[in-house]
Amino acid sequence: MAVVADSAPLIAAASRSDTFHQLAKRLVASAGRELVVPDPVVAEVDWMLRERVDPATARRFLRSLASGAHQRATLSPSLFAAACAIDERYADLDLGLVDAAVMAIAGATDSVILTFDFAHFRAAAPKRGRAWRLMIDEHEYERWRGAS
Amino acid sequence: MVRRTISLPPAVDEKIRKVAEEEGSYSAAVVRLVEEGAKRKGKVDLPDWIGSGEGPADLSENLDKYIREALRRGRRR
């Protein structure tokens with residue numbers, strides 16, 4: 001089962017000082033090659049790692065994607081249009097392309113989503129079905145915070 | 001990809017051949033079976049980017065805040 005990744009869990013997995021590092025590490029490792037990273041997420045993670053972690057970690061992340069440790073998902077014209085439509089449908093949430101791309105790809109491939117942004121992903125429900133299938137939910141996330 | 005020459009008991013070879021009928025090739029069958037076995041034993045190699053750096057403890061939790069700060073500093077590449 002493919003798992004479409006949002007940015008925050010990847011950043012937490014990369015940074016060993018992040019509060020949610022151990023949780024993110026376990027989730028990313030268990031997804032392994034089934035982890036799908038949309039190109040807008042790649043760009044955001046790369047940028048933030050360079051800004052707040054270090055460029056070497058960003059390069060390792062990119063190299064890992066290039067070597068096929070995880071899958072990259074490019075936005076085809078139809079997926080880009082779907083992402084734009086999601087962003088417009090939920091304009092009041094101001095999702096932006098990154099979240100909308102994760103949703104568009106998960107919707108098109110019937111995949112699970114790995115995100116820590118529960119507020120947006122709960123509020124912006126898919127057209128079909130009642131809710132996105134999330135790899136972890138807010139309860140497990142909060143339990144982890146309490147335990148860490 | 002690397003090439004390896006290995007010796008297998010005939011019974012194991014037969015099992016791999018059966019899986020290879022679904023996978024399309026003998027090598028692909030070996031790769032899948034070994035990865036599944038390693039996963040069950042919890043010995044999957046982690047990619048080297050995981051845990052390779054150190055940033056603020058709340059970076060993933062407050063990602064939007066850090067993005068806004070960086071944008072304000074005008075350092076977007």
# chains A, B, ... in the order shown; residues from 1 in each chain; ligands from 1
>>> select_by_dssp(residues="range 28-140 of chain A", states="strand (DSSP E or B)", output="number ranges by chain")
A: 35-38, 71-73, 112-114, 134
>>> interface_residues(of="chain A", to="chain B", cutoff="7 Å", atoms="only C-alpha atoms", output="PyMOL selection string")
chain A and resi 8-9+11-19+25+29+52-54+57+60-61+64+69
>>> closest_residue(among="A:Val42, A:Cys84, A:Ala2, A:Ala106", to="Ala66 in chain A", atoms="only C-alpha atoms")
A:Val42
>>> atom_distance(atom1="CA of Ser30 in chain A", atom2="CA of Thr115 in chain A")
14.5 Å
>>> closest_residue(among="B:Ala28, B:Gly74, B:Val19, B:Gly37", to="Met1 in chain B", atoms="only C-alpha atoms")
B:Ala28
>>> select_by_dssp(residues="chain B", states="alpha helix (DSSP H)", output="PDB file with N, CA and C atoms, in the first residue's frame")
ATOM      1  N   PRO B  10      18.241 -27.070  -3.694  1.00  0.00           N
ATOM      2  CA  PRO B  10      17.252 -27.197  -4.781  1.00  0.00           C
ATOM      3  C   PRO B  10      15.842 -26.809  -4.343  1.00  0.00           C
ATOM      4  N   ALA B  11      15.484 -27.124  -3.102  1.00  0.00           N
ATOM      5  CA  ALA B  11      14.119 -26.809  -2.645  1.00  0.00           C
ATOM      6  C   ALA B  11      13.900 -25.290  -2.585  1.00  0.00           C
ATOM      7  N   VAL B  12      14.940 -24.566  -2.170  1.00  0.00           N
ATOM      8  CA  VAL B  12      14.823 -23.104  -2.108  1.00  0.00           C
ATOM      9  C   VAL B  12      14.762 -22.531  -3.517  1.00  0.00           C
ATOM     10  N   ASP B  13      15.591 -23.092  -4.387  1.00  0.00           N
ATOM     11  CA  ASP B  13      15.580 -22.659  -5.792  1.00  0.00           C
ATOM     12  C   ASP B  13      14.183 -22.825  -6.381  1.00  0.00           C
ATOM     13  N   GLU B  14      13.563 -23.951  -6.067  1.00  0.00           N
ATOM     14  CA  GLU B  14      12.214 -24.221  -6.602  1.00  0.00           C
ATOM     15  C   GLU B  14      11.215 -23.186  -6.084  1.00  0.00           C
ATOM     16  N   LYS B  15      11.336 -22.832  -4.784  1.00  0.00           N
ATOM     17  CA  LYS B  15      10.428 -21.824  -4.214  1.00  0.00           C
ATOM     18  C   LYS B  15      10.617 -20.477  -4.919  1.00  0.00           C
ATOM     19  N   ILE B  16      11.868 -20.124  -5.144  1.00  0.00           N
ATOM     20  CA  ILE B  16      12.133 -18.828  -5.795  1.00  0.00           C
ATOM     21  C   ILE B  16      11.569 -18.833  -7.216  1.00  0.00           C
ATOM     22  N   ARG B  17      11.728 -19.958  -7.898  1.00  0.00           N
ATOM     23  CA  ARG B  17      11.211 -20.033  -9.278  1.00  0.00           C
ATOM     24  C   ARG B  17       9.696 -19.828  -9.306  1.00  0.00           C
ATOM     25  N   LYS B  18       9.021 -20.383  -8.311  1.00  0.00           N
ATOM     26  CA  LYS B  18       7.555 -20.212  -8.261  1.00  0.00           C
ATOM     27  C   LYS B  18       7.187 -18.741  -8.064  1.00  0.00           C
ATOM     28  N   VAL B  19       7.923 -18.065  -7.153  1.00  0.00           N
ATOM     29  CA  VAL B  19       7.653 -16.629  -6.937  1.00  0.00           C
ATOM     30  C   VAL B  19       8.028 -15.836  -8.185  1.00  0.00           C
ATOM     31  N   ALA B  20       9.105 -16.290  -8.863  1.00  0.00           N
ATOM     32  CA  ALA B  20       9.583 -15.580 -10.058  1.00  0.00           C
ATOM     33  C   ALA B  20       8.544 -15.594 -11.176  1.00  0.00           C
ATOM     34  N   GLU B  21       7.692 -16.599 -11.181  1.00  0.00           N
ATOM     35  CA  GLU B  21       6.642 -16.642 -12.215  1.00  0.00           C
ATOM     36  C   GLU B  21       5.718 -15.441 -12.068  1.00  0.00           C
ATOM     37  N   GLU B  22       5.516 -14.987 -10.824  1.00  0.00           N
ATOM     38  CA  GLU B  22       4.668 -13.805 -10.602  1.00  0.00           C
ATOM     39  C   GLU B  22       5.475 -12.518 -10.756  1.00  0.00           C
ATOM     40  N   GLU B  23       6.727 -12.544 -10.295  1.00  0.00           N
ATOM     41  CA  GLU B  23       7.537 -11.319 -10.276  1.00  0.00           C
ATOM     42  C   GLU B  23       8.090 -10.952 -11.653  1.00  0.00           C
ATOM     43  N   TYR B  26      13.806 -13.967 -11.879  1.00  0.00           N
ATOM     44  CA  TYR B  26      14.370 -14.652 -10.713  1.00  0.00           C
ATOM     45  C   TYR B  26      14.964 -13.620  -9.740  1.00  0.00           C
ATOM     46  N   SER B  27      15.692 -12.649 -10.300  1.00  0.00           N
ATOM     47  CA  SER B  27      16.320 -11.631  -9.441  1.00  0.00           C
ATOM     48  C   SER B  27      15.278 -10.822  -8.678  1.00  0.00           C
ATOM     49  N   ALA B  28      14.206 -10.432  -9.375  1.00  0.00           N
ATOM     50  CA  ALA B  28      13.158  -9.645  -8.711  1.00  0.00           C
ATOM     51  C   ALA B  28      12.515 -10.448  -7.582  1.00  0.00           C
ATOM     52  N   ALA B  29      12.366 -11.753  -7.809  1.00  0.00           N
ATOM     53  CA  ALA B  29      11.781 -12.608  -6.768  1.00  0.00           C
ATOM     54  C   ALA B  29      12.690 -12.660  -5.549  1.00  0.00           C
ATOM     55  N   VAL B  30      14.000 -12.790  -5.778  1.00  0.00           N
ATOM     56  CA  VAL B  30      14.951 -12.844  -4.656  1.00  0.00           C
ATOM     57  C   VAL B  30      14.915 -11.521  -3.887  1.00  0.00           C
ATOM     58  N   VAL B  31      14.906 -10.416  -4.618  1.00  0.00           N
ATOM     59  CA  VAL B  31      14.882  -9.094  -3.965  1.00  0.00           C
ATOM     60  C   VAL B  31      13.655  -8.970  -3.072  1.00  0.00           C
ATOM     61  N   ARG B  32      12.485  -9.341  -3.613  1.00  0.00           N
ATOM     62  CA  ARG B  32      11.259  -9.184  -2.819  1.00  0.00           C
ATOM     63  C   ARG B  32      11.264 -10.100  -1.594  1.00  0.00           C
ATOM     64  N   LEU B  33      11.690 -11.338  -1.799  1.00  0.00           N
ATOM     65  CA  LEU B  33      11.663 -12.282  -0.677  1.00  0.00           C
ATOM     66  C   LEU B  33      12.630 -11.863   0.428  1.00  0.00           C
ATOM     67  N   VAL B  34      13.804 -11.399   0.041  1.00  0.00           N
ATOM     68  CA  VAL B  34      14.789 -10.979   1.055  1.00  0.00           C
ATOM     69  C   VAL B  34      14.287  -9.743   1.794  1.00  0.00           C
ATOM     70  N   GLU B  35      13.710  -8.780   1.035  1.00  0.00           N
ATOM     71  CA  GLU B  35      13.207  -7.564   1.694  1.00  0.00           C
ATOM     72  C   GLU B  35      12.069  -7.888   2.647  1.00  0.00           C
ATOM     73  N   GLU B  36      11.182  -8.786   2.231  1.00  0.00           N
ATOM     74  CA  GLU B  36      10.072  -9.159   3.120  1.00  0.00           C
ATOM     75  C   GLU B  36      10.595  -9.852   4.380  1.00  0.00           C
ATOM     76  N   GLY B  37      11.577 -10.712   4.194  1.00  0.00           N
ATOM     77  CA  GLY B  37      12.160 -11.416   5.342  1.00  0.00           C
ATOM     78  C   GLY B  37      12.840 -10.447   6.291  1.00  0.00           C
ATOM     79  N   ALA B  38      13.583  -9.502   5.720  1.00  0.00           N
ATOM     80  CA  ALA B  38      14.280  -8.513   6.558  1.00  0.00           C
ATOM     81  C   ALA B  38      13.286  -7.643   7.304  1.00  0.00           C
ATOM     82  N   LYS B  39      12.182  -7.299   6.608  1.00  0.00           N
ATOM     83  CA  LYS B  39      11.155  -6.457   7.234  1.00  0.00           C
ATOM     84  C   LYS B  39      10.539  -7.178   8.430  1.00  0.00           C
ATOM     85  N   ARG B  40      10.247  -8.461   8.239  1.00  0.00           N
ATOM     86  CA  ARG B  40       9.643  -9.235   9.339  1.00  0.00           C
ATOM     87  C   ARG B  40      10.574  -9.288  10.538  1.00  0.00           C
ATOM     88  N   LEU B  63       6.174  23.871  11.500  1.00  0.00           N
ATOM     89  CA  LEU B  63       6.767  24.048  10.166  1.00  0.00           C
ATOM     90  C   LEU B  63       6.264  25.319   9.483  1.00  0.00           C
ATOM     91  N   ASP B  64       4.956  25.564   9.577  1.00  0.00           N
ATOM     92  CA  ASP B  64       4.415  26.759   8.916  1.00  0.00           C
ATOM     93  C   ASP B  64       5.050  28.036   9.461  1.00  0.00           C
ATOM     94  N   LYS B  65       5.274  28.046  10.783  1.00  0.00           N
ATOM     95  CA  LYS B  65       5.894  29.225  11.405  1.00  0.00           C
ATOM     96  C   LYS B  65       7.314  29.414  10.859  1.00  0.00           C
ATOM     97  N   TYR B  66       8.067  28.321  10.774  1.00  0.00           N
ATOM     98  CA  TYR B  66       9.443  28.424  10.263  1.00  0.00           C
ATOM     99  C   TYR B  66       9.470  28.837   8.795  1.00  0.00           C
ATOM    100  N   ILE B  67       8.487  28.361   8.032  1.00  0.00           N
ATOM    101  CA  ILE B  67       8.426  28.765   6.621  1.00  0.00           C
ATOM    102  C   ILE B  67       8.162  30.268   6.527  1.00  0.00           C
ATOM    103  N   ARG B  68       7.205  30.738   7.332  1.00  0.00           N
ATOM    104  CA  ARG B  68       6.898  32.177   7.289  1.00  0.00           C
ATOM    105  C   ARG B  68       8.108  33.014   7.706  1.00  0.00           C
ATOM    106  N   GLU B  69       8.790  32.558   8.741  1.00  0.00           N
ATOM    107  CA  GLU B  69       9.986  33.293   9.195  1.00  0.00           C
ATOM    108  C   GLU B  69      11.041  33.365   8.099  1.00  0.00           C
ATOM    109  N   ALA B  70      11.262  32.237   7.452  1.00  0.00           N
ATOM    110  CA  ALA B  70      12.282  32.194   6.405  1.00  0.00           C
ATOM    111  C   ALA B  70      11.891  33.091   5.235  1.00  0.00           C
ATOM    112  N   LEU B  71      10.598  33.083   4.916  1.00  0.00           N
ATOM    113  CA  LEU B  71      10.139  33.929   3.825  1.00  0.00           C
ATOM    114  C   LEU B  71      10.303  35.400   4.173  1.00  0.00           C
ATOM    115  N   ARG B  72      10.035  35.720   5.440  1.00  0.00           N
ATOM    116  CA  ARG B  72      10.191  37.114   5.881  1.00  0.00           C
ATOM    117  C   ARG B  72      11.662  37.559   5.755  1.00  0.00           C
TER     118      ARG B  72
END
>>> decode(residues="chain B", atoms="C-alpha atoms", output="PDB file, in the first residue's frame")
ATOM      1  CA  MET B   1      22.788  -3.266  -9.160  1.00  0.00           C
ATOM      2  CA  VAL B   2      25.428  -5.790  -8.122  1.00  0.00           C
ATOM      3  CA  ARG B   3      25.900  -9.350  -9.395  1.00  0.00           C
ATOM      4  CA  ARG B   4      26.361 -12.188  -6.911  1.00  0.00           C
ATOM      5  CA  THR B   5      26.886 -15.885  -7.454  1.00  0.00           C
ATOM      6  CA  ILE B   6      25.331 -17.913  -4.672  1.00  0.00           C
ATOM      7  CA  SER B   7      24.566 -21.575  -3.968  1.00  0.00           C
ATOM      8  CA  LEU B   8      21.033 -22.584  -3.020  1.00  0.00           C
ATOM      9  CA  PRO B   9      19.456 -25.858  -1.938  1.00  0.00           C
ATOM     10  CA  PRO B  10      17.252 -27.197  -4.781  1.00  0.00           C
ATOM     11  CA  ALA B  11      14.119 -26.809  -2.645  1.00  0.00           C
ATOM     12  CA  VAL B  12      14.823 -23.104  -2.108  1.00  0.00           C
ATOM     13  CA  ASP B  13      15.580 -22.659  -5.792  1.00  0.00           C
ATOM     14  CA  GLU B  14      12.214 -24.221  -6.602  1.00  0.00           C
ATOM     15  CA  LYS B  15      10.428 -21.824  -4.214  1.00  0.00           C
ATOM     16  CA  ILE B  16      12.133 -18.828  -5.795  1.00  0.00           C
ATOM     17  CA  ARG B  17      11.211 -20.033  -9.278  1.00  0.00           C
ATOM     18  CA  LYS B  18       7.555 -20.212  -8.261  1.00  0.00           C
ATOM     19  CA  VAL B  19       7.653 -16.629  -6.937  1.00  0.00           C
ATOM     20  CA  ALA B  20       9.583 -15.580 -10.058  1.00  0.00           C
ATOM     21  CA  GLU B  21       6.642 -16.642 -12.215  1.00  0.00           C
ATOM     22  CA  GLU B  22       4.668 -13.805 -10.602  1.00  0.00           C
ATOM     23  CA  GLU B  23       7.537 -11.319 -10.276  1.00  0.00           C
ATOM     24  CA  GLY B  24       8.723 -11.658 -13.846  1.00  0.00           C
ATOM     25  CA  SER B  25      12.333 -12.512 -13.063  1.00  0.00           C
ATOM     26  CA  TYR B  26      14.370 -14.652 -10.713  1.00  0.00           C
ATOM     27  CA  SER B  27      16.320 -11.631  -9.441  1.00  0.00           C
ATOM     28  CA  ALA B  28      13.158  -9.645  -8.711  1.00  0.00           C
ATOM     29  CA  ALA B  29      11.781 -12.608  -6.768  1.00  0.00           C
ATOM     30  CA  VAL B  30      14.951 -12.844  -4.656  1.00  0.00           C
ATOM     31  CA  VAL B  31      14.882  -9.094  -3.965  1.00  0.00           C
ATOM     32  CA  ARG B  32      11.259  -9.184  -2.819  1.00  0.00           C
ATOM     33  CA  LEU B  33      11.663 -12.282  -0.677  1.00  0.00           C
ATOM     34  CA  VAL B  34      14.789 -10.979   1.055  1.00  0.00           C
ATOM     35  CA  GLU B  35      13.207  -7.564   1.694  1.00  0.00           C
ATOM     36  CA  GLU B  36      10.072  -9.159   3.120  1.00  0.00           C
ATOM     37  CA  GLY B  37      12.160 -11.416   5.342  1.00  0.00           C
ATOM     38  CA  ALA B  38      14.280  -8.513   6.558  1.00  0.00           C
ATOM     39  CA  LYS B  39      11.155  -6.457   7.234  1.00  0.00           C
ATOM     40  CA  ARG B  40       9.643  -9.235   9.339  1.00  0.00           C
ATOM     41  CA  LYS B  41      12.832  -9.352  11.390  1.00  0.00           C
ATOM     42  CA  GLY B  42      12.864  -5.577  11.710  1.00  0.00           C
ATOM     43  CA  LYS B  43      16.208  -5.302   9.991  1.00  0.00           C
ATOM     44  CA  VAL B  44      15.381  -2.911   7.209  1.00  0.00           C
ATOM     45  CA  ASP B  45      18.291  -0.585   6.507  1.00  0.00           C
ATOM     46  CA  LEU B  46      17.334   2.987   7.163  1.00  0.00           C
ATOM     47  CA  PRO B  47      18.170   5.504   4.452  1.00  0.00           C
ATOM     48  CA  ASP B  48      21.131   7.619   5.589  1.00  0.00           C
ATOM     49  CA  TRP B  49      19.172  10.903   5.614  1.00  0.00           C
ATOM     50  CA  ILE B  50      17.096   9.712   8.545  1.00  0.00           C
ATOM     51  CA  GLY B  51      18.443  11.262  11.735  1.00  0.00           C
ATOM     52  CA  SER B  52      21.393  12.718   9.886  1.00  0.00           C
ATOM     53  CA  GLY B  53      20.972  16.314  11.077  1.00  0.00           C
ATOM     54  CA  GLU B  54      19.862  18.420  14.021  1.00  0.00           C
ATOM     55  CA  GLY B  55      17.409  21.288  13.909  1.00  0.00           C
ATOM     56  CA  PRO B  56      15.000  23.007  16.296  1.00  0.00           C
ATOM     57  CA  ALA B  57      13.050  20.533  18.442  1.00  0.00           C
ATOM     58  CA  ASP B  58       9.737  21.997  17.270  1.00  0.00           C
ATOM     59  CA  LEU B  59      10.639  22.230  13.568  1.00  0.00           C
ATOM     60  CA  SER B  60       8.153  19.630  12.299  1.00  0.00           C
ATOM     61  CA  GLU B  61       5.444  20.774  14.698  1.00  0.00           C
ATOM     62  CA  ASN B  62       5.744  24.452  13.779  1.00  0.00           C
ATOM     63  CA  LEU B  63       6.767  24.048  10.166  1.00  0.00           C
ATOM     64  CA  ASP B  64       4.415  26.759   8.916  1.00  0.00           C
ATOM     65  CA  LYS B  65       5.894  29.225  11.405  1.00  0.00           C
ATOM     66  CA  TYR B  66       9.443  28.424  10.263  1.00  0.00           C
ATOM     67  CA  ILE B  67       8.426  28.765   6.621  1.00  0.00           C
ATOM     68  CA  ARG B  68       6.898  32.177   7.289  1.00  0.00           C
ATOM     69  CA  GLU B  69       9.986  33.293   9.195  1.00  0.00           C
ATOM     70  CA  ALA B  70      12.282  32.194   6.405  1.00  0.00           C
ATOM     71  CA  LEU B  71      10.139  33.929   3.825  1.00  0.00           C
ATOM     72  CA  ARG B  72      10.191  37.114   5.881  1.00  0.00           C
ATOM     73  CA  ARG B  73      13.964  36.969   5.936  1.00  0.00           C
ATOM     74  CA  GLY B  74      13.780  36.785   2.163  1.00  0.00           C
ATOM     75  CA  ARG B  75      16.067  33.797   2.005  1.00  0.00           C
ATOM     76  CA  ARG B  76      13.850  31.634  -0.173  1.00  0.00           C
ATOM     77  CA  ARG B  77      16.072  30.032  -2.747  1.00  0.00           C
TER      78      ARG B  77
END
